[in-house]
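*Asks:* Quick one, coords-v4.pdb (PDB, C-alpha atoms and all ligand atoms):
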ATOM      1  CA  MET V   1      23.195 -24.457 -78.250  1.00  0.00           C
ATOM      2  CA  SER V   2      23.672 -25.767 -81.816  1.00  0.00           C
ATOM      3  CA  ASP V   3      22.490 -29.276 -82.694  1.00  0.00           C
ATOM      4  CA  ASP V   4      26.116 -30.339 -83.191  1.00  0.00           C
ATOM      5  CA  MET V   5      27.128 -29.060 -79.788  1.00  0.00           C
ATOM      6  CA  ARG V   6      24.095 -30.666 -78.169  1.00  0.00           C
ATOM      7  CA  ALA V   7      24.917 -34.034 -79.798  1.00  0.00           C
ATOM      8  CA  THR V   8      28.516 -33.722 -78.602  1.00  0.00           C
ATOM      9  CA  TYR V   9      27.380 -32.951 -75.072  1.00  0.00           C
ATOM     10  CA  LEU V  10      25.029 -35.944 -75.047  1.00  0.00           C
ATOM     11  CA  ARG V  11      27.927 -38.122 -76.235  1.00  0.00           C
ATOM     12  CA  VAL V  12      30.069 -36.826 -73.384  1.00  0.00           C
ATOM     13  CA  LEU V  13      27.333 -37.598 -70.846  1.00  0.00           C
ATOM     14  CA  GLU V  14      27.037 -41.096 -72.297  1.00  0.00           C
ATOM     15  CA  TYR V  15      30.826 -41.473 -72.069  1.00  0.00           C
ATOM     16  CA  LEU V  16      30.806 -40.386 -68.408  1.00  0.00           C
ATOM     17  CA  SER V  17      27.931 -42.689 -67.473  1.00  0.00           C
ATOM     18  CA  THR V  18      29.726 -45.604 -69.170  1.00  0.00           C
ATOM     19  CA  GLU V  19      33.140 -44.908 -67.675  1.00  0.00           C
ATOM     20  CA  LEU V  20      31.784 -43.925 -64.251  1.00  0.00           C
ATOM     21  CA  PRO V  21      28.652 -46.039 -63.878  1.00  0.00           C
ATOM     22  CA  ASP V  22      26.200 -45.215 -61.100  1.00  0.00           C
ATOM     23  CA  ASP V  23      24.621 -47.541 -58.615  1.00  0.00           C
ATOM     24  CA  ASP V  24      21.295 -49.159 -59.638  1.00  0.00           C
ATOM     25  CA  VAL V  25      19.570 -47.192 -56.901  1.00  0.00           C
ATOM     26  CA  PHE V  26      19.586 -44.083 -59.080  1.00  0.00           C
ATOM     27  CA  SER V  27      17.714 -45.705 -61.970  1.00  0.00           C
ATOM     28  CA  TRP V  28      15.305 -47.156 -59.367  1.00  0.00           C
ATOM     29  CA  ILE V  29      14.622 -43.634 -58.039  1.00  0.00           C
ATOM     30  CA  LEU V  30      13.855 -42.351 -61.552  1.00  0.00           C
ATOM     31  CA  ARG V  31      11.479 -45.242 -62.258  1.00  0.00           C
ATOM     32  CA  GLU V  32       9.657 -44.738 -58.945  1.00  0.00           C
ATOM     33  CA  THR V  33       9.576 -40.968 -59.476  1.00  0.00           C
ATOM     34  CA  ASP V  34       7.678 -41.508 -62.726  1.00  0.00           C
ATOM     35  CA  ALA V  35       5.473 -44.293 -61.329  1.00  0.00           C
ATOM     36  CA  ARG V  36       4.374 -42.116 -58.374  1.00  0.00           C
ATOM     37  CA  GLY V  37       3.728 -39.003 -60.469  1.00  0.00           C
ATOM     38  CA  ILE V  38       6.513 -37.031 -58.760  1.00  0.00           C
ATOM     39  CA  PRO V  39       8.112 -34.341 -60.948  1.00  0.00           C
ATOM     40  CA  ARG V  40      11.396 -35.326 -62.613  1.00  0.00           C
ATOM     41  CA  ILE V  41      13.299 -32.328 -61.352  1.00  0.00           C
ATOM     42  CA  GLN V  42      16.091 -34.102 -59.509  1.00  0.00           C
ATOM     43  CA  ILE V  43      19.693 -33.163 -60.202  1.00  0.00           C
ATOM     44  CA  SER V  44      21.497 -35.026 -62.986  1.00  0.00           C
ATOM     45  CA  PRO V  45      24.077 -37.790 -62.410  1.00  0.00           C
ATOM     46  CA  VAL V  46      26.919 -35.427 -63.360  1.00  0.00           C
ATOM     47  CA  GLN V  47      25.696 -32.945 -60.764  1.00  0.00           C
ATOM     48  CA  GLY V  48      25.317 -35.706 -58.174  1.00  0.00           C
ATOM     49  CA  ARG V  49      28.893 -36.732 -58.705  1.00  0.00           C
ATOM     50  CA  PHE V  50      29.930 -33.082 -58.433  1.00  0.00           C
ATOM     51  CA  LEU V  51      28.179 -32.659 -55.048  1.00  0.00           C
ATOM     52  CA  HIS V  52      29.666 -35.941 -53.877  1.00  0.00           C
ATOM     53  CA  LEU V  53      33.174 -34.793 -54.696  1.00  0.00           C
ATOM     54  CA  LEU V  54      32.662 -31.366 -53.097  1.00  0.00           C
ATOM     55  CA  ALA V  55      31.543 -33.066 -49.886  1.00  0.00           C
ATOM     56  CA  GLN V  56      34.539 -35.401 -49.998  1.00  0.00           C
ATOM     57  CA  LEU V  57      36.932 -32.497 -50.565  1.00  0.00           C
ATOM     58  CA  LEU V  58      35.495 -30.789 -47.485  1.00  0.00           C
ATOM     59  CA  GLY V  59      35.805 -33.971 -45.442  1.00  0.00           C
ATOM     60  CA  ALA V  60      32.151 -33.330 -44.662  1.00  0.00           C
ATOM     61  CA  HIS V  61      30.801 -34.844 -41.452  1.00  0.00           C
ATOM     62  CA  ASP V  62      27.602 -32.775 -41.216  1.00  0.00           C
ATOM     63  CA  ILE V  63      25.534 -31.815 -44.266  1.00  0.00           C
ATOM     64  CA  LEU V  64      22.097 -30.242 -44.456  1.00  0.00           C
ATOM     65  CA  GLU V  65      19.924 -30.448 -47.562  1.00  0.00           C
ATOM     66  CA  ILE V  66      16.811 -28.311 -48.103  1.00  0.00           C
ATOM     67  CA  GLY V  67      14.539 -30.084 -50.609  1.00  0.00           C
ATOM     68  CA  THR V  68      14.892 -33.888 -50.508  1.00  0.00           C
ATOM     69  CA  LEU V  69      12.540 -34.817 -53.380  1.00  0.00           C
ATOM     70  CA  GLY V  70      13.078 -38.570 -53.996  1.00  0.00           C
ATOM     71  CA  GLY V  71      16.502 -38.710 -52.351  1.00  0.00           C
ATOM     72  CA  PHE V  72      18.639 -38.641 -55.508  1.00  0.00           C
ATOM     73  CA  SER V  73      20.999 -35.889 -54.332  1.00  0.00           C
ATOM     74  CA  GLY V  74      20.708 -37.139 -50.766  1.00  0.00           C
ATOM     75  CA  VAL V  75      22.269 -40.493 -51.636  1.00  0.00           C
ATOM     76  CA  TRP V  76      25.224 -38.785 -53.323  1.00  0.00           C
ATOM     77  CA  LEU V  77      25.712 -36.538 -50.270  1.00  0.00           C
ATOM     78  CA  ALA V  78      25.223 -39.267 -47.660  1.00  0.00           C
ATOM     79  CA  ARG V  79      27.743 -41.536 -49.373  1.00  0.00           C
ATOM     80  CA  ALA V  80      30.365 -38.781 -49.213  1.00  0.00           C
ATOM     81  CA  LEU V  81      30.165 -38.337 -45.423  1.00  0.00           C
ATOM     82  CA  THR V  82      33.141 -39.180 -43.245  1.00  0.00           C
ATOM     83  CA  PRO V  83      32.567 -42.069 -40.762  1.00  0.00           C
ATOM     84  CA  GLY V  84      29.897 -41.233 -38.191  1.00  0.00           C
ATOM     85  CA  GLY V  85      28.685 -38.284 -40.293  1.00  0.00           C
ATOM     86  CA  ARG V  86      25.047 -37.152 -40.687  1.00  0.00           C
ATOM     87  CA  LEU V  87      22.916 -35.824 -43.493  1.00  0.00           C
ATOM     88  CA  ILE V  88      19.865 -33.876 -42.349  1.00  0.00           C
ATOM     89  CA  THR V  89      17.442 -33.451 -45.235  1.00  0.00           C
ATOM     90  CA  LEU V  90      14.218 -31.413 -45.233  1.00  0.00           C
ATOM     91  CA  GLU V  91      11.173 -32.147 -47.375  1.00  0.00           C
ATOM     92  CA  ALA V  92       7.805 -30.363 -47.346  1.00  0.00           C
ATOM     93  CA  ASN V  93       5.862 -32.945 -49.400  1.00  0.00           C
ATOM     94  CA  PRO V  94       4.994 -36.225 -47.574  1.00  0.00           C
ATOM     95  CA  LYS V  95       4.705 -38.095 -50.897  1.00  0.00           C
ATOM     96  CA  HIS V  96       8.248 -37.115 -51.852  1.00  0.00           C
ATOM     97  CA  ALA V  97       9.460 -37.933 -48.345  1.00  0.00           C
ATOM     98  CA  ALA V  98       7.940 -41.435 -48.548  1.00  0.00           C
ATOM     99  CA  LEU V  99       9.914 -42.173 -51.700  1.00  0.00           C
ATOM    100  CA  ALA V 100      13.075 -40.674 -50.200  1.00  0.00           C
ATOM    101  CA  ARG V 101      12.744 -42.882 -47.118  1.00  0.00           C
ATOM    102  CA  GLU V 102      12.660 -45.990 -49.335  1.00  0.00           C
ATOM    103  CA  THR V 103      15.530 -44.610 -51.390  1.00  0.00           C
ATOM    104  CA  PHE V 104      17.769 -44.172 -48.353  1.00  0.00           C
ATOM    105  CA  GLN V 105      17.028 -47.715 -47.177  1.00  0.00           C
ATOM    106  CA  ARG V 106      17.702 -49.136 -50.612  1.00  0.00           C
ATOM    107  CA  ALA V 107      20.974 -47.190 -50.880  1.00  0.00           C
ATOM    108  CA  GLY V 108      22.022 -48.415 -47.427  1.00  0.00           C
ATOM    109  CA  VAL V 109      22.421 -44.899 -46.007  1.00  0.00           C
ATOM    110  CA  ASP V 110      19.294 -44.675 -43.825  1.00  0.00           C
ATOM    111  CA  ASP V 111      21.512 -45.107 -40.731  1.00  0.00           C
ATOM    112  CA  ARG V 112      23.150 -41.726 -41.398  1.00  0.00           C
ATOM    113  CA  VAL V 113      20.225 -39.702 -42.776  1.00  0.00           C
ATOM    114  CA  ASP V 114      17.666 -37.696 -40.783  1.00  0.00           C
ATOM    115  CA  LEU V 115      14.708 -36.969 -43.052  1.00  0.00           C
ATOM    116  CA  LEU V 116      12.561 -34.217 -41.535  1.00  0.00           C
ATOM    117  CA  VAL V 117       9.130 -33.674 -43.090  1.00  0.00           C
ATOM    118  CA  GLY V 118       7.424 -30.281 -42.984  1.00  0.00           C
ATOM    119  CA  SER V 119       7.936 -26.682 -43.988  1.00  0.00           C
ATOM    120  CA  ALA V 120      11.674 -25.942 -44.117  1.00  0.00           C
ATOM    121  CA  HIS V 121      11.035 -22.515 -42.575  1.00  0.00           C
ATOM    122  CA  ASP V 122       9.476 -24.111 -39.489  1.00  0.00           C
ATOM    123  CA  THR V 123      12.037 -26.907 -39.284  1.00  0.00           C
ATOM    124  CA  LEU V 124      15.009 -24.540 -39.548  1.00  0.00           C
ATOM    125  CA  ALA V 125      13.530 -22.232 -36.903  1.00  0.00           C
ATOM    126  CA  HIS V 126      13.581 -25.085 -34.375  1.00  0.00           C
ATOM    127  CA  LEU V 127      16.524 -27.181 -35.550  1.00  0.00           C
ATOM    128  CA  SER V 128      19.261 -27.651 -32.985  1.00  0.00           C
ATOM    129  CA  LEU V 129      22.651 -28.792 -34.218  1.00  0.00           C
ATOM    130  CA  ASP V 130      25.390 -30.438 -32.126  1.00  0.00           C
ATOM    131  CA  ARG V 131      28.097 -28.852 -34.281  1.00  0.00           C
ATOM    132  CA  PRO V 132      28.411 -26.446 -37.224  1.00  0.00           C
ATOM    133  CA  LEU V 133      27.632 -27.820 -40.674  1.00  0.00           C
ATOM    134  CA  ASP V 134      30.307 -28.457 -43.294  1.00  0.00           C
ATOM    135  CA  MET V 135      27.990 -28.079 -46.265  1.00  0.00           C
ATOM    136  CA  VAL V 136      24.427 -27.043 -47.090  1.00  0.00           C
ATOM    137  CA  PHE V 137      22.629 -27.867 -50.346  1.00  0.00           C
ATOM    138  CA  ILE V 138      19.644 -25.615 -51.121  1.00  0.00           C
ATOM    139  CA  ASP V 139      17.201 -26.955 -53.729  1.00  0.00           C
ATOM    140  CA  ALA V 140      13.686 -26.023 -52.582  1.00  0.00           C
ATOM    141  CA  ASP V 141      11.197 -23.134 -52.968  1.00  0.00           C
ATOM    142  CA  LYS V 142      13.263 -20.662 -54.968  1.00  0.00           C
ATOM    143  CA  GLY V 143      11.727 -17.521 -53.492  1.00  0.00           C
ATOM    144  CA  SER V 144      13.321 -18.480 -50.155  1.00  0.00           C
ATOM    145  CA  ASN V 145      16.889 -18.873 -51.459  1.00  0.00           C
ATOM    146  CA  TRP V 146      18.197 -15.736 -49.739  1.00  0.00           C
ATOM    147  CA  GLU V 147      16.609 -16.625 -46.407  1.00  0.00           C
ATOM    148  CA  TYR V 148      17.957 -20.186 -46.616  1.00  0.00           C
ATOM    149  CA  LEU V 149      21.406 -18.901 -47.553  1.00  0.00           C
ATOM    150  CA  GLN V 150      21.483 -16.582 -44.531  1.00  0.00           C
ATOM    151  CA  TRP V 151      20.434 -19.443 -42.244  1.00  0.00           C
ATOM    152  CA  ALA V 152      23.054 -21.688 -43.840  1.00  0.00           C
ATOM    153  CA  ARG V 153      25.852 -19.138 -43.449  1.00  0.00           C
ATOM    154  CA  ALA V 154      24.999 -18.727 -39.778  1.00  0.00           C
ATOM    155  CA  HIS V 155      25.191 -22.490 -39.163  1.00  0.00           C
ATOM    156  CA  THR V 156      28.133 -23.530 -41.363  1.00  0.00           C
ATOM    157  CA  ARG V 157      31.747 -23.628 -40.226  1.00  0.00           C
ATOM    158  CA  SER V 158      34.366 -21.309 -41.651  1.00  0.00           C
ATOM    159  CA  GLY V 159      35.665 -22.915 -44.845  1.00  0.00           C
ATOM    160  CA  GLY V 160      32.430 -24.809 -45.399  1.00  0.00           C
ATOM    161  CA  ILE V 161      30.237 -24.241 -48.441  1.00  0.00           C
ATOM    162  CA  VAL V 162      26.647 -23.592 -49.420  1.00  0.00           C
ATOM    163  CA  VAL V 163      25.473 -24.879 -52.822  1.00  0.00           C
ATOM    164  CA  ILE V 164      22.299 -23.498 -54.397  1.00  0.00           C
ATOM    165  CA  ASP V 165      20.686 -25.322 -57.331  1.00  0.00           C
ATOM    166  CA  ASN V 166      18.879 -23.902 -60.390  1.00  0.00           C
ATOM    167  CA  VAL V 167      20.457 -20.468 -60.600  1.00  0.00           C
ATOM    168  CA  LEU V 168      20.758 -19.947 -64.385  1.00  0.00           C
ATOM    169  CA  VAL V 169      17.176 -20.536 -65.656  1.00  0.00           C
ATOM    170  CA  ASN V 170      18.302 -21.356 -69.193  1.00  0.00           C
ATOM    171  CA  GLY V 171      20.453 -18.224 -69.264  1.00  0.00           C
ATOM    172  CA  HIS V 172      17.486 -15.892 -68.656  1.00  0.00           C
ATOM    173  CA  VAL V 173      19.136 -14.531 -65.510  1.00  0.00           C
ATOM    174  CA  ALA V 174      21.731 -12.891 -67.794  1.00  0.00           C
ATOM    175  CA  SER V 175      19.040 -10.857 -69.565  1.00  0.00           C
ATOM    176  CA  PRO V 176      18.618  -7.189 -68.523  1.00  0.00           C
ATOM    177  CA  HIS V 177      14.887  -7.942 -68.170  1.00  0.00           C
ATOM    178  CA  PRO V 178      14.501 -11.609 -67.183  1.00  0.00           C
ATOM    179  CA  PRO V 179      11.152 -12.956 -68.419  1.00  0.00           C
ATOM    180  CA  GLY V 180       8.728 -14.240 -65.767  1.00  0.00           C
ATOM    181  CA  TRP V 181       8.673 -14.402 -61.974  1.00  0.00           C
ATOM    182  CA  PHE V 182      11.035 -17.344 -61.674  1.00  0.00           C
ATOM    183  CA  ALA V 183      13.851 -15.887 -63.781  1.00  0.00           C
ATOM    184  CA  ARG V 184      13.466 -12.480 -62.104  1.00  0.00           C
ATOM    185  CA  THR V 185      13.537 -14.001 -58.638  1.00  0.00           C
ATOM    186  CA  ILE V 186      16.684 -15.975 -59.362  1.00  0.00           C
ATOM    187  CA  ALA V 187      18.361 -13.038 -61.128  1.00  0.00           C
ATOM    188  CA  ASP V 188      17.682 -10.838 -58.059  1.00  0.00           C
ATOM    189  CA  PHE V 189      19.012 -13.542 -55.760  1.00  0.00           C
ATOM    190  CA  ASN V 190      22.188 -13.975 -57.819  1.00  0.00           C
ATOM    191  CA  ARG V 191      22.779 -10.208 -57.890  1.00  0.00           C
ATOM    192  CA  ARG V 192      22.485 -10.010 -54.104  1.00  0.00           C
ATOM    193  CA  VAL V 193      24.923 -12.869 -53.624  1.00  0.00           C
ATOM    194  CA  PHE V 194      27.440 -11.415 -56.079  1.00  0.00           C
ATOM    195  CA  ALA V 195      27.227  -8.000 -54.391  1.00  0.00           C
ATOM    196  CA  ARG V 196      27.743  -9.417 -50.911  1.00  0.00           C
ATOM    197  CA  TYR V 197      30.068 -12.396 -51.436  1.00  0.00           C
ATOM    198  CA  ALA V 198      31.936 -11.571 -54.670  1.00  0.00           C
ATOM    199  CA  ASP V 199      35.199 -13.043 -53.442  1.00  0.00           C
ATOM    200  CA  ALA V 200      33.657 -16.327 -52.322  1.00  0.00           C
ATOM    201  CA  THR V 201      31.184 -17.412 -54.964  1.00  0.00           C
ATOM    202  CA  THR V 202      30.753 -18.734 -58.484  1.00  0.00           C
ATOM    203  CA  ILE V 203      28.205 -20.550 -60.635  1.00  0.00           C
ATOM    204  CA  ILE V 204      28.982 -23.810 -62.426  1.00  0.00           C
ATOM    205  CA  PRO V 205      26.798 -24.157 -65.562  1.00  0.00           C
ATOM    206  CA  PHE V 206      25.336 -27.575 -66.382  1.00  0.00           C
ATOM    207  CA  PHE V 207      23.363 -28.407 -69.506  1.00  0.00           C
ATOM    208  CA  ARG V 208      20.282 -30.516 -68.707  1.00  0.00           C
ATOM    209  CA  PRO V 209      19.425 -32.576 -71.777  1.00  0.00           C
ATOM    210  CA  GLU V 210      16.196 -33.924 -70.192  1.00  0.00           C
ATOM    211  CA  GLU V 211      14.811 -30.379 -70.213  1.00  0.00           C
ATOM    212  CA  ASP V 212      16.990 -29.083 -73.050  1.00  0.00           C
ATOM    213  CA  MET V 213      18.109 -26.190 -70.891  1.00  0.00           C
ATOM    214  CA  LEU V 214      21.143 -24.606 -69.332  1.00  0.00           C
ATOM    215  CA  ASP V 215      21.061 -24.802 -65.556  1.00  0.00           C
ATOM    216  CA  GLY V 216      23.615 -24.016 -62.902  1.00  0.00           C
ATOM    217  CA  MET V 217      24.748 -24.542 -59.330  1.00  0.00           C
ATOM    218  CA  MET V 218      26.014 -21.656 -57.226  1.00  0.00           C
ATOM    219  CA  ILE V 219      28.715 -22.297 -54.656  1.00  0.00           C
ATOM    220  CA  VAL V 220      29.275 -19.886 -51.775  1.00  0.00           C
ATOM    221  CA  ARG V 221      32.222 -20.422 -49.448  1.00  0.00           C
ATOM    222  CA  VAL V 222      31.563 -19.479 -45.842  1.00  0.00           C
ATOM    223  CA  SER V 223      34.331 -17.414 -44.240  1.00  0.00           C
TER
HETATM  224 MG    MG R   1      16.953 -28.390 -58.351  1.00  0.00          MG
END
Turn this file's structure into structure tokens for me.
Ligand code: MG
*Replies:*
Amino acid sequence: MSDDMRATYLRVLEYLSTELPDDDVFSWILRETDARGIPRIQISPVQGRFLHLLAQLLGAHDILEIGTLGGFSGVWLARALTPGGRLITLEANPKHAALARETFQRAGVDDRVDLLVGSAHDTLAHLSLDRPLDMVFIDADKGSNWEYLQWARAHTRSGGIVVIDNVLVNGHVASPHPPGWFARTIADFNRRVFARYADATTIIPFFRPEEDMLDGMMIVRVS
């Protein structure tokens, strides 16, 4: 991206955050994330708003998130639920889960969030749901994306969606020989999804100025 284009993009982000200001809870999460030495790998505000709107469009009552981190995306999702709705969110790291628990209280959504701590593989193997999910957000150990997607498809209603974060790896996935394990893993995952669900999937690119990289979210509609 040229410097001009980057400056323009930053101006647009500034414009959006001014015109559509976020709740203070999000800046609190970022401060606590830094203070507790937790990696700053949460989604961006623009992406949070995007997930929020997707959930609203679905009329989502039941959402599952894999990878809670500090609760940034979880607040956006929980606030989009229809009345009486639930967000189940899975986190492997107790330190991250402790921050997320405080986040959900602070955001006033702890009454509709179930935060389950432990390996997502174990939790999913034993999770019993009262009804099919409307939406699943996958943002955890990237090598498990395909397994999580298959679980999600089996537990999501027809017309629901699965969203998978971090699927562009700064554009490296588009290379014929993606450099490094991470880019190769994601490129393989994307190829499998495109081959199997071509009619029901796309990737929305997002530029992440904090990391100066192009990232993306995949959306897969469940039929
Ligand atoms: Mg992510």
*Asks:* Show me which residues are within 12 Å of ligand MG 1 (chain R) counting all atoms listed in the file, and format the list as a count of residues only.
*Replies:* 37
*Asks:* Would you kindly return, as a short mmCIF file (atom, residue, chain, number, x, y, z; two decimals) with C-alpha atoms, in the coordinates of the input, each protein, DNA or RNA residue with an atom no farther than 9 Å from any atom of segment 117-134 of chain V, considering only C-alpha atoms and excluding same-chain residues fewer than 3 positions away?
*Replies:*
data_model
loop_
_atom_site.label_atom_id
_atom_site.label_comp_id
_atom_site.auth_asym_id
_atom_site.auth_seq_id
_atom_site.Cartn_x
_atom_site.Cartn_y
_atom_site.Cartn_z
CA ALA V 55 31.54 -33.07 -49.89
CA LEU V 58 35.49 -30.79 -47.48
CA GLY V 59 35.80 -33.97 -45.44
CA ALA V 60 32.15 -33.33 -44.66
CA HIS V 61 30.80 -34.84 -41.45
CA ASP V 62 27.60 -32.78 -41.22
CA ILE V 63 25.53 -31.82 -44.27
CA LEU V 64 22.10 -30.24 -44.46
CA ILE V 66 16.81 -28.31 -48.10
CA GLY V 67 14.54 -30.08 -50.61
CA THR V 89 17.44 -33.45 -45.24
CA LEU V 90 14.22 -31.41 -45.23
CA GLU V 91 11.17 -32.15 -47.38
CA ALA V 92 7.80 -30.36 -47.35
CA ASN V 93 5.86 -32.94 -49.40
CA PRO V 94 4.99 -36.22 -47.57
CA ALA V 97 9.46 -37.93 -48.34
CA ALA V 140 13.69 -26.02 -52.58
CA SER V 144 13.32 -18.48 -50.16
CA GLU V 147 16.61 -16.62 -46.41
CA TYR V 148 17.96 -20.19 -46.62
CA TRP V 151 20.43 -19.44 -42.24
CA ALA V 152 23.05 -21.69 -43.84
CA ALA V 154 25.00 -18.73 -39.78
CA HIS V 155 25.19 -22.49 -39.16
CA THR V 156 28.13 -23.53 -41.36
CA ARG V 157 31.75 -23.63 -40.23
CA SER V 158 34.37 -21.31 -41.65
CA GLY V 159 35.66 -22.92 -44.84
CA GLY V 160 32.43 -24.81 -45.40
CA ILE V 161 30.24 -24.24 -48.44
CA VAL V 162 26.65 -23.59 -49.42
#
*Asks:* Quote the spacing between atom CA of Trp28 of chain V and atom CA of Asp110 of chain V in Å to one decimal place.
*Replies:*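 Separating atom CA of Trp28 of chain V from atom CA of Asp110 of chain V is a distance of 16.2 Å.
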*Asks:* Just checking: using only C-alpha atoms, which residue out of V:Lys95, V:Arg36, V:Arg192, V:His52 ends up closest to Gly74 of chain V?
*Replies:*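 Checking each of V:Lys95, V:Arg36, V:Arg192, V:His52 against Gly74 of chain V, counting only C-alpha atoms, the winner is V:His52.
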*Asks:* Name the residues in contact with segment 173-175 of chain V at a cut-off of 9 Å, using all atoms listed in the file, excluding same-chain residues fewer than 4 positions from it; report them as a list in words.
*Replies:* Val167, Leu168, Val169, Pro179, Ala183, Arg184, Thr185, Ile186, Ala187, Asp188 and Asn190 of chain V
*Asks:* What's the separation between atom CA of Arg196 of chain V and atom CA of Leu54 of chain V, in Å to one decimal place?
*Replies:*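 Atom-to-atom, atom CA of Arg196 of chain V to atom CA of Leu54 of chain V, that is 22.6 Å.
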